[in-house]
$ cat protein31.cif   # mmCIF, C-alpha atoms and all ligand atoms
data_input
loop_
_atom_site.group_PDB
_atom_site.id
_atom_site.type_symbol
_atom_site.label_atom_id
_atom_site.label_comp_id
_atom_site.auth_asym_id
_atom_site.auth_seq_id
_atom_site.Cartn_x
_atom_site.Cartn_y
_atom_site.Cartn_z
ATOM 1 C CA MET A 3 -41.999 83.666 63.864
ATOM 2 C CA ILE A 4 -38.942 83.648 66.161
ATOM 3 C CA LYS A 5 -38.738 79.874 65.748
ATOM 4 C CA LYS A 6 -38.760 80.282 61.983
ATOM 5 C CA VAL A 7 -36.002 82.907 62.042
ATOM 6 C CA ARG A 8 -33.989 80.687 64.373
ATOM 7 C CA SER A 9 -34.296 77.662 62.127
ATOM 8 C CA ILE A 10 -33.322 79.713 59.064
ATOM 9 C CA ALA A 11 -30.301 81.080 60.967
ATOM 10 C CA LEU A 12 -29.335 77.531 61.978
ATOM 11 C CA PHE A 13 -29.747 76.355 58.393
ATOM 12 C CA ILE A 14 -27.366 79.077 57.159
ATOM 13 C CA LEU A 15 -24.898 78.318 59.955
ATOM 14 C CA ASN A 16 -24.987 74.648 59.000
ATOM 15 C CA ILE A 17 -23.996 75.529 55.443
ATOM 16 C CA LEU A 18 -21.237 77.882 56.552
ATOM 17 C CA PHE A 19 -20.000 75.598 59.294
ATOM 18 C CA PRO A 20 -20.866 71.988 58.495
ATOM 19 C CA LYS A 21 -21.030 69.629 61.440
ATOM 20 C CA GLN A 22 -17.751 68.027 62.388
ATOM 21 C CA CYS A 23 -16.898 65.864 65.385
ATOM 22 C CA SER A 24 -14.999 68.070 67.832
ATOM 23 C CA ALA A 25 -12.940 65.131 69.095
ATOM 24 C CA CYS A 26 -11.891 63.243 65.949
ATOM 25 C CA GLY A 27 -12.850 65.572 63.104
ATOM 26 C CA TYR A 28 -15.292 63.139 61.446
ATOM 27 C CA TRP A 29 -17.893 65.023 59.379
ATOM 28 C CA GLY A 30 -21.621 64.804 59.945
ATOM 29 C CA SER A 31 -22.128 65.441 63.650
ATOM 30 C CA TYR A 32 -20.619 67.492 66.476
ATOM 31 C CA LEU A 33 -19.761 64.345 68.356
ATOM 32 C CA CYS A 34 -19.712 61.182 66.252
ATOM 33 C CA ASN A 35 -21.185 57.967 67.588
ATOM 34 C CA GLU A 36 -17.795 56.389 68.134
ATOM 35 C CA CYS A 37 -16.589 59.341 70.235
ATOM 36 C CA LYS A 38 -19.935 59.486 72.012
ATOM 37 C CA SER A 39 -19.416 55.890 73.089
ATOM 38 C CA LYS A 40 -16.183 56.980 74.807
ATOM 39 C CA VAL A 41 -17.854 59.572 77.055
ATOM 40 C CA GLY A 42 -17.157 58.780 80.700
ATOM 41 C CA TYR A 43 -20.374 59.288 82.674
ATOM 42 C CA VAL A 44 -20.314 60.101 86.364
ATOM 43 C CA THR A 45 -22.284 57.201 87.741
ATOM 44 C CA GLU A 46 -21.516 57.943 91.383
ATOM 45 C CA GLN A 47 -21.417 61.605 92.421
ATOM 46 C CA TYR A 48 -18.858 63.243 94.716
ATOM 47 C CA CYS A 49 -19.064 65.372 97.891
ATOM 48 C CA PRO A 50 -18.438 69.040 96.941
ATOM 49 C CA ARG A 51 -15.967 69.515 99.789
ATOM 50 C CA CYS A 52 -13.840 66.382 100.199
ATOM 51 C CA GLY A 53 -14.238 64.876 96.735
ATOM 52 C CA VAL A 54 -15.096 61.410 98.056
ATOM 53 C CA HIS A 55 -18.182 59.641 96.690
ATOM 54 C CA SER A 56 -21.448 60.580 98.344
ATOM 55 C CA VAL A 57 -25.096 59.880 97.657
ATOM 56 C CA LEU A 58 -26.167 62.086 94.713
ATOM 57 C CA GLY A 59 -23.258 64.414 95.462
ATOM 58 C CA PHE A 60 -24.614 65.710 98.785
ATOM 59 C CA ARG A 61 -21.954 66.991 101.147
ATOM 60 C CA HIS A 62 -21.103 64.554 103.936
ATOM 61 C CA GLU A 63 -22.164 65.409 107.466
ATOM 62 C CA ARG A 64 -18.519 65.907 108.365
ATOM 63 C CA CYS A 65 -18.168 68.299 105.403
ATOM 64 C CA TYR A 66 -20.795 70.725 106.754
ATOM 65 C CA ARG A 67 -18.446 73.658 106.090
ATOM 66 C CA SER A 68 -19.067 73.362 102.366
ATOM 67 C CA PRO A 69 -21.343 76.223 101.228
ATOM 68 C CA ILE A 70 -22.486 73.890 98.420
ATOM 69 C CA ASP A 71 -25.102 71.404 99.601
ATOM 70 C CA GLN A 72 -24.973 69.139 96.586
ATOM 71 C CA LEU A 73 -22.907 68.877 93.444
ATOM 72 C CA TYR A 74 -24.029 66.925 90.401
ATOM 73 C CA SER A 75 -22.171 66.408 87.125
ATOM 74 C CA ILE A 76 -23.030 64.437 84.020
ATOM 75 C CA CYS A 77 -19.626 63.337 82.760
ATOM 76 C CA TYR A 78 -15.887 63.513 83.276
ATOM 77 C CA TYR A 79 -13.799 66.244 81.741
ATOM 78 C CA HIS A 80 -11.783 63.859 79.584
ATOM 79 C CA ASP A 81 -11.809 63.490 75.862
ATOM 80 C CA PRO A 82 -14.045 63.636 73.907
ATOM 81 C CA ILE A 83 -15.856 66.037 76.299
ATOM 82 C CA ALA A 84 -12.722 68.128 76.932
ATOM 83 C CA SER A 85 -12.402 68.754 73.169
ATOM 84 C CA LEU A 86 -16.071 69.561 72.930
ATOM 85 C CA ILE A 87 -15.988 72.084 75.783
ATOM 86 C CA GLY A 88 -12.728 73.507 74.416
ATOM 87 C CA GLU A 89 -14.555 74.304 71.196
ATOM 88 C CA ILE A 90 -17.210 76.230 73.056
ATOM 89 C CA LYS A 91 -14.760 79.101 73.287
ATOM 90 C CA PHE A 92 -14.766 79.654 69.553
ATOM 91 C CA TYR A 93 -18.011 81.071 68.360
ATOM 92 C CA PRO A 94 -20.008 79.857 66.433
ATOM 93 C CA ALA A 95 -18.849 76.419 67.536
ATOM 94 C CA VAL A 96 -20.743 77.131 70.757
ATOM 95 C CA ARG A 97 -23.933 75.755 69.297
ATOM 96 C CA CYS A 98 -22.198 72.483 68.439
ATOM 97 C CA ALA A 99 -21.098 71.903 71.988
ATOM 98 C CA LEU A 100 -24.463 72.971 73.311
ATOM 99 C CA GLU A 101 -26.364 70.625 71.049
ATOM 100 C CA VAL A 102 -24.389 67.689 72.439
ATOM 101 C CA ILE A 103 -24.482 69.012 76.013
ATOM 102 C CA GLU A 104 -28.251 69.312 75.792
ATOM 103 C CA GLU A 105 -28.600 65.819 74.340
ATOM 104 C CA LEU A 106 -26.408 64.185 77.013
ATOM 105 C CA THR A 107 -28.028 66.165 79.834
ATOM 106 C CA ARG A 108 -31.539 65.250 78.716
ATOM 107 C CA PHE A 109 -30.405 61.649 78.303
ATOM 108 C CA SER A 110 -29.279 61.585 81.966
ATOM 109 C CA SER A 111 -31.683 61.034 84.835
ATOM 110 C CA ILE A 112 -31.193 64.326 86.710
ATOM 111 C CA ASP A 113 -34.885 65.137 86.573
ATOM 112 C CA ILE A 114 -35.662 61.864 88.357
ATOM 113 C CA GLU A 115 -32.667 61.936 90.697
ATOM 114 C CA CYS A 116 -32.905 65.596 91.785
ATOM 115 C CA PRO A 117 -36.630 66.464 91.969
ATOM 116 C CA TRP A 118 -35.921 69.198 94.599
ATOM 117 C CA TRP A 119 -34.297 71.273 91.883
ATOM 118 C CA SER A 120 -37.794 72.127 90.687
ATOM 119 C CA ASP A 121 -38.024 74.580 93.639
ATOM 120 C CA CYS A 122 -34.789 76.317 92.669
ATOM 121 C CA VAL A 123 -33.787 79.366 90.697
ATOM 122 C CA VAL A 124 -30.943 78.721 88.266
ATOM 123 C CA ILE A 125 -27.994 81.083 88.642
ATOM 124 C CA PRO A 126 -25.251 80.634 86.063
ATOM 125 C CA VAL A 127 -21.713 81.454 87.167
ATOM 126 C CA PRO A 128 -21.126 84.834 85.523
ATOM 127 C CA LEU A 129 -18.252 85.864 83.318
ATOM 128 C CA HIS A 130 -16.574 89.214 83.788
ATOM 129 C CA PRO A 131 -18.312 91.747 81.473
ATOM 130 C CA PHE A 132 -15.084 92.230 79.552
ATOM 131 C CA ARG A 133 -14.725 88.522 78.868
ATOM 132 C CA TYR A 134 -18.427 88.319 78.052
ATOM 133 C CA ARG A 135 -18.039 91.025 75.436
ATOM 134 C CA MET A 136 -15.015 89.284 73.943
ATOM 135 C CA ARG A 137 -16.748 85.925 73.744
ATOM 136 C CA GLY A 138 -20.258 87.113 73.072
ATOM 137 C CA PHE A 139 -21.904 84.588 75.377
ATOM 138 C CA ASN A 140 -21.485 82.872 78.721
ATOM 139 C CA GLN A 141 -21.264 79.100 78.414
ATOM 140 C CA ALA A 142 -22.555 78.663 81.989
ATOM 141 C CA GLU A 143 -25.631 80.681 81.065
ATOM 142 C CA GLU A 144 -26.214 78.569 77.959
ATOM 143 C CA ILE A 145 -26.056 75.382 80.055
ATOM 144 C CA GLY A 146 -28.213 77.071 82.709
ATOM 145 C CA GLY A 147 -30.843 77.595 80.024
ATOM 146 C CA ILE A 148 -30.881 73.845 79.311
ATOM 147 C CA ILE A 149 -31.358 73.017 83.016
ATOM 148 C CA SER A 150 -33.984 75.717 83.402
ATOM 149 C CA SER A 151 -35.951 74.194 80.537
ATOM 150 C CA ILE A 152 -35.605 70.585 81.786
ATOM 151 C CA PHE A 153 -36.938 71.528 85.249
ATOM 152 C CA ASN A 154 -39.190 74.326 84.044
ATOM 153 C CA ILE A 155 -37.667 76.733 86.550
ATOM 154 C CA PRO A 156 -36.574 80.368 86.207
ATOM 155 C CA MET A 157 -33.034 81.505 85.556
ATOM 156 C CA GLU A 158 -31.591 84.749 86.911
ATOM 157 C CA SER A 159 -28.458 85.626 84.968
ATOM 158 C CA ASN A 160 -28.008 89.074 86.510
ATOM 159 C CA LEU A 161 -28.259 88.233 90.179
ATOM 160 C CA LEU A 162 -24.595 87.436 90.555
ATOM 161 C CA LYS A 163 -21.965 89.750 89.063
ATOM 162 C CA ARG A 164 -18.311 89.089 88.459
ATOM 163 C CA THR A 165 -16.224 91.893 89.871
ATOM 164 C CA SER A 166 -12.647 90.855 89.318
ATOM 165 C CA PHE A 167 -11.221 90.060 85.940
ATOM 166 C CA SER A 168 -9.629 86.851 87.155
ATOM 167 C CA GLN A 169 -7.109 85.014 85.048
ATOM 168 C CA PRO A 170 -8.078 81.760 83.324
ATOM 169 C CA GLN A 171 -7.559 79.038 85.887
ATOM 170 C CA SER A 172 -6.610 76.028 83.817
ATOM 171 C CA GLN A 173 -2.855 76.313 84.509
ATOM 172 C CA MET A 174 -3.109 77.314 88.171
ATOM 173 C CA SER A 175 -2.420 75.381 91.349
ATOM 174 C CA ARG A 176 -5.248 74.753 93.785
ATOM 175 C CA LYS A 177 -4.067 77.497 96.152
ATOM 176 C CA ASP A 178 -3.668 80.043 93.358
ATOM 177 C CA ARG A 179 -7.155 79.253 92.088
ATOM 178 C CA HIS A 180 -8.594 79.927 95.508
ATOM 179 C CA GLN A 181 -6.882 83.326 95.737
ATOM 180 C CA ASN A 182 -7.819 84.087 92.159
ATOM 181 C CA VAL A 183 -11.549 83.899 92.864
ATOM 182 C CA GLN A 184 -11.663 85.361 96.375
ATOM 183 C CA ASN A 185 -14.207 88.175 96.343
ATOM 184 C CA ALA A 186 -14.660 87.597 92.630
ATOM 185 C CA PHE A 187 -18.432 88.085 92.848
ATOM 186 C CA ARG A 188 -20.956 90.537 94.199
ATOM 187 C CA LEU A 189 -24.725 90.469 94.413
ATOM 188 C CA ASN A 190 -26.733 92.728 92.170
ATOM 189 C CA PRO A 191 -28.342 95.213 94.629
ATOM 190 C CA HIS A 192 -31.614 95.082 92.660
ATOM 191 C CA TYR A 193 -32.161 91.566 93.958
ATOM 192 C CA ARG A 194 -31.401 92.219 97.618
ATOM 193 C CA LYS A 195 -35.037 92.118 98.686
ATOM 194 C CA ASN A 196 -35.948 89.390 96.306
ATOM 195 C CA LEU A 197 -33.430 86.624 96.752
ATOM 196 C CA PRO A 198 -34.547 83.046 96.171
ATOM 197 C CA SER A 199 -34.166 80.632 99.083
ATOM 198 C CA LYS A 200 -33.023 77.723 96.914
ATOM 199 C CA VAL A 201 -30.410 78.228 94.272
ATOM 200 C CA LEU A 202 -29.019 75.962 91.604
ATOM 201 C CA LEU A 203 -25.615 77.258 90.537
ATOM 202 C CA VAL A 204 -24.620 76.179 87.049
ATOM 203 C CA ASP A 205 -21.210 76.066 85.412
ATOM 204 C CA ASP A 206 -19.652 74.115 82.561
ATOM 205 C CA VAL A 207 -16.814 72.327 84.392
ATOM 206 C CA PHE A 208 -15.968 71.538 88.031
ATOM 207 C CA THR A 209 -12.224 71.281 88.639
ATOM 208 C CA THR A 210 -11.159 72.362 92.124
ATOM 209 C CA GLY A 211 -14.544 73.947 92.779
ATOM 210 C CA SER A 212 -13.067 77.223 94.041
ATOM 211 C CA THR A 213 -15.248 79.361 91.755
ATOM 212 C CA LEU A 214 -18.482 77.600 92.672
ATOM 213 C CA ARG A 215 -17.606 77.620 96.363
ATOM 214 C CA GLU A 216 -16.923 81.345 96.312
ATOM 215 C CA ALA A 217 -20.253 82.035 94.597
ATOM 216 C CA ALA A 218 -22.099 79.747 97.020
ATOM 217 C CA ARG A 219 -20.401 81.341 100.026
ATOM 218 C CA LEU A 220 -21.540 84.802 98.955
ATOM 219 C CA LEU A 221 -25.114 83.638 98.373
ATOM 220 C CA LYS A 222 -25.320 81.891 101.738
ATOM 221 C CA GLN A 223 -24.008 84.981 103.530
ATOM 222 C CA THR A 224 -27.274 86.703 102.682
ATOM 223 C CA LYS A 225 -29.246 84.362 104.997
ATOM 224 C CA ASN A 226 -32.131 84.459 102.508
ATOM 225 C CA VAL A 227 -30.458 81.733 100.535
ATOM 226 C CA THR A 228 -30.734 78.531 102.535
ATOM 227 C CA HIS A 229 -29.789 75.932 99.933
ATOM 228 C CA VAL A 230 -27.198 76.056 97.198
ATOM 229 C CA TYR A 231 -27.071 73.102 94.833
ATOM 230 C CA ALA A 232 -24.598 73.008 91.986
ATOM 231 C CA PHE A 233 -24.680 71.494 88.534
ATOM 232 C CA THR A 234 -21.739 71.270 86.199
ATOM 233 C CA PHE A 235 -21.913 69.455 82.919
ATOM 234 C CA ALA A 236 -18.410 68.003 83.365
ATOM 235 C CA ARG A 237 -15.979 67.469 86.224
ATOM 236 C CA GLY A 238 -12.221 67.030 86.319
HETATM 237 ZN ZN ZN B 301 -15.543 61.568 66.686
HETATM 238 ZN ZN ZN B 302 -17.220 65.118 102.069
#
$ encode --input "protein31.cif" --output "structure tokens" --more "lines below"
Ligand SMILES: [Zn+2]
Ligand SMILES: [Zn+2]
Amino acid sequence: MIKKVRSIALFILNILFPKQCSACGYWGSYLCNECKSKVGYVTEQYCPRCGVHSVLGFRHERCYRSPIDQLYSICYYHDPIASLIGEIKFYPAVRCALEVIEELTRFSSIDIECPWWSDCVVIPVPLHPFRYRMRGFNQAEEIGGIISSIFNIPMESNLLKRTSFSQPQSQMSRKDRHQNVQNAFRLNPHYRKNLPSKVLLVDDVFTTGSTLREAARLLKQTKNVTHVYAFTFARG
């Protein structure tokens, strides 16, 4: 029944908002084949602390201070992906970006490359409630849902809460970004006794990593959480 309602809703949305390539404007799909062929895939992952290549994005031994154990991204945050993710901010275009994000993520080999994620609980990086209400959805949570379904693992969207209404970071320097997210999160007290030991943090884009690092730091402080892996669809 729910499936039927969903497909009817999608059908109506498709009439109201016909598919258009978010990068070049070509009608018929959210990312046309020509633009899709320009997507830059991350073929070699990067250490979450120093940003130098590392096997599957695991932190180097010398980078043990990183609270993130592994960081994995599908593609680079260049066009056409930057246009696609930019569109996510304007509902109902969210579904267009998500359709492509899901396709490209399923097309990747994360399930083969990162089998240990099947022991994890997905935690999407939360938005501040005010921003959530304005936007109506959290893009990290939507992507988290895709990962949760690929690995057949649970997602806990309420475990981590955003406390500060931090400014959008796109125009900030690295130092300002760090200060902007310091103490930006808190743990939901309902989960204190029931924290997972392995966490997969999910966000849409990795730029300097300050947001993910802050979330990972807080989780690791609990001692219950022993491993924090991170997935972002794109990276700068
Ligand atoms: Zn196109
Ligand atoms: Zn490193």
$ residues_near_ligand --input "protein31.cif" --ligand "ligand ZN 301 (chain B)" --cutoff "7 Å" --atoms "only C-alpha atoms and all ligand atoms" --output "NGL selection string"
:A and (23-28 or 33-37)
$ closest_atom_pairs --input "protein31.cif" --of "chain A" --to "ligand ZN 302 (chain B)" --cutoff "7 Å" --atoms "only C-alpha atoms and all ligand atoms" --output "JSON lines"
{"residue": "A:Cys49", "atom": "CA", "partner": "B:ZN302", "partner_atom": "ZN", "distance": 4.6}
{"residue": "A:Pro50", "atom": "CA", "partner": "B:ZN302", "partner_atom": "ZN", "distance": 6.6}
{"residue": "A:Arg51", "atom": "CA", "partner": "B:ZN302", "partner_atom": "ZN", "distance": 5.1}
{"residue": "A:Cys52", "atom": "CA", "partner": "B:ZN302", "partner_atom": "ZN", "distance": 4.1}
{"residue": "A:Gly53", "atom": "CA", "partner": "B:ZN302", "partner_atom": "ZN", "distance": 6.1}
{"residue": "A:Val54", "atom": "CA", "partner": "B:ZN302", "partner_atom": "ZN", "distance": 5.9}
{"residue": "A:Arg61", "atom": "CA", "partner": "B:ZN302", "partner_atom": "ZN", "distance": 5.2}
{"residue": "A:His62", "atom": "CA", "partner": "B:ZN302", "partner_atom": "ZN", "distance": 4.3}
{"residue": "A:Arg64", "atom": "CA", "partner": "B:ZN302", "partner_atom": "ZN", "distance": 6.5}
{"residue": "A:Cys65", "atom": "CA", "partner": "B:ZN302", "partner_atom": "ZN", "distance": 4.7}
$ resolve_selection --input "protein31.cif" --expression "the PyMOL selection byres (((chain A and resi 124) around 8) and not hetatm)" --output "mmCIF file with C-alpha atoms, keeping the file's coordinate frame"
data_model
loop_
_atom_site.group_PDB
_atom_site.id
_atom_site.type_symbol
_atom_site.label_atom_id
_atom_site.label_comp_id
_atom_site.auth_asym_id
_atom_site.auth_seq_id
_atom_site.Cartn_x
_atom_site.Cartn_y
_atom_site.Cartn_z
ATOM 1 C CA CYS A 122 -34.789 76.317 92.669
ATOM 2 C CA VAL A 123 -33.787 79.366 90.697
ATOM 3 C CA ILE A 125 -27.994 81.083 88.642
ATOM 4 C CA PRO A 126 -25.251 80.634 86.063
ATOM 5 C CA GLY A 146 -28.213 77.071 82.709
ATOM 6 C CA ILE A 149 -31.358 73.017 83.016
ATOM 7 C CA SER A 150 -33.984 75.717 83.402
ATOM 8 C CA ILE A 155 -37.667 76.733 86.550
ATOM 9 C CA PRO A 156 -36.574 80.368 86.207
ATOM 10 C CA MET A 157 -33.034 81.505 85.556
ATOM 11 C CA GLU A 158 -31.591 84.749 86.911
ATOM 12 C CA VAL A 201 -30.410 78.228 94.272
ATOM 13 C CA LEU A 202 -29.019 75.962 91.604
ATOM 14 C CA LEU A 203 -25.615 77.258 90.537
ATOM 15 C CA VAL A 204 -24.620 76.179 87.049
#
$ closest_residue --input "protein31.cif" --among "A:Asp206, A:Leu162, A:Pro69, A:Ser199" --to "Glu104 (chain A)" --atoms "only C-alpha atoms"
A:Asp206
$ closest_residue --input "protein31.cif" --among "A:Leu106, A:Met136, A:Leu214, A:Leu129" --to "Gly42 (chain A)" --atoms "all atoms listed in the file"
A:Leu106
$ resolve_selection --input "protein31.cif" --expression "the PyMOL selection byres (((chain A and resi 57) around 8) and not hetatm)" --output "list in words"
Glu46, Gln47, Tyr48, His55, Ser56, Leu58, Gly59 and Phe60 of chain A
$ closest_residue --input "protein31.cif" --among "A:Tyr74, A:Phe19, A:Trp29, A:Phe235" --to "Gln141 (chain A)" --atoms "all atoms listed in the file"
A:Phe235
$ resolve_selection --input "protein31.cif" --expression "the PyMOL selection byres (((chain A and resi 75) around 6) and not hetatm)" --output "PDB file with C-alpha atoms, keeping the file's coordinate frame"
ATOM      1  CA  TYR A  74     -24.029  66.925  90.401  1.00  0.00           C
ATOM      2  CA  ILE A  76     -23.030  64.437  84.020  1.00  0.00           C
ATOM      3  CA  CYS A  77     -19.626  63.337  82.760  1.00  0.00           C
ATOM      4  CA  PHE A 233     -24.680  71.494  88.534  1.00  0.00           C
ATOM      5  CA  THR A 234     -21.739  71.270  86.199  1.00  0.00           C
ATOM      6  CA  PHE A 235     -21.913  69.455  82.919  1.00  0.00           C
ATOM      7  CA  ALA A 236     -18.410  68.003  83.365  1.00  0.00           C
TER       8      ALA A 236
END
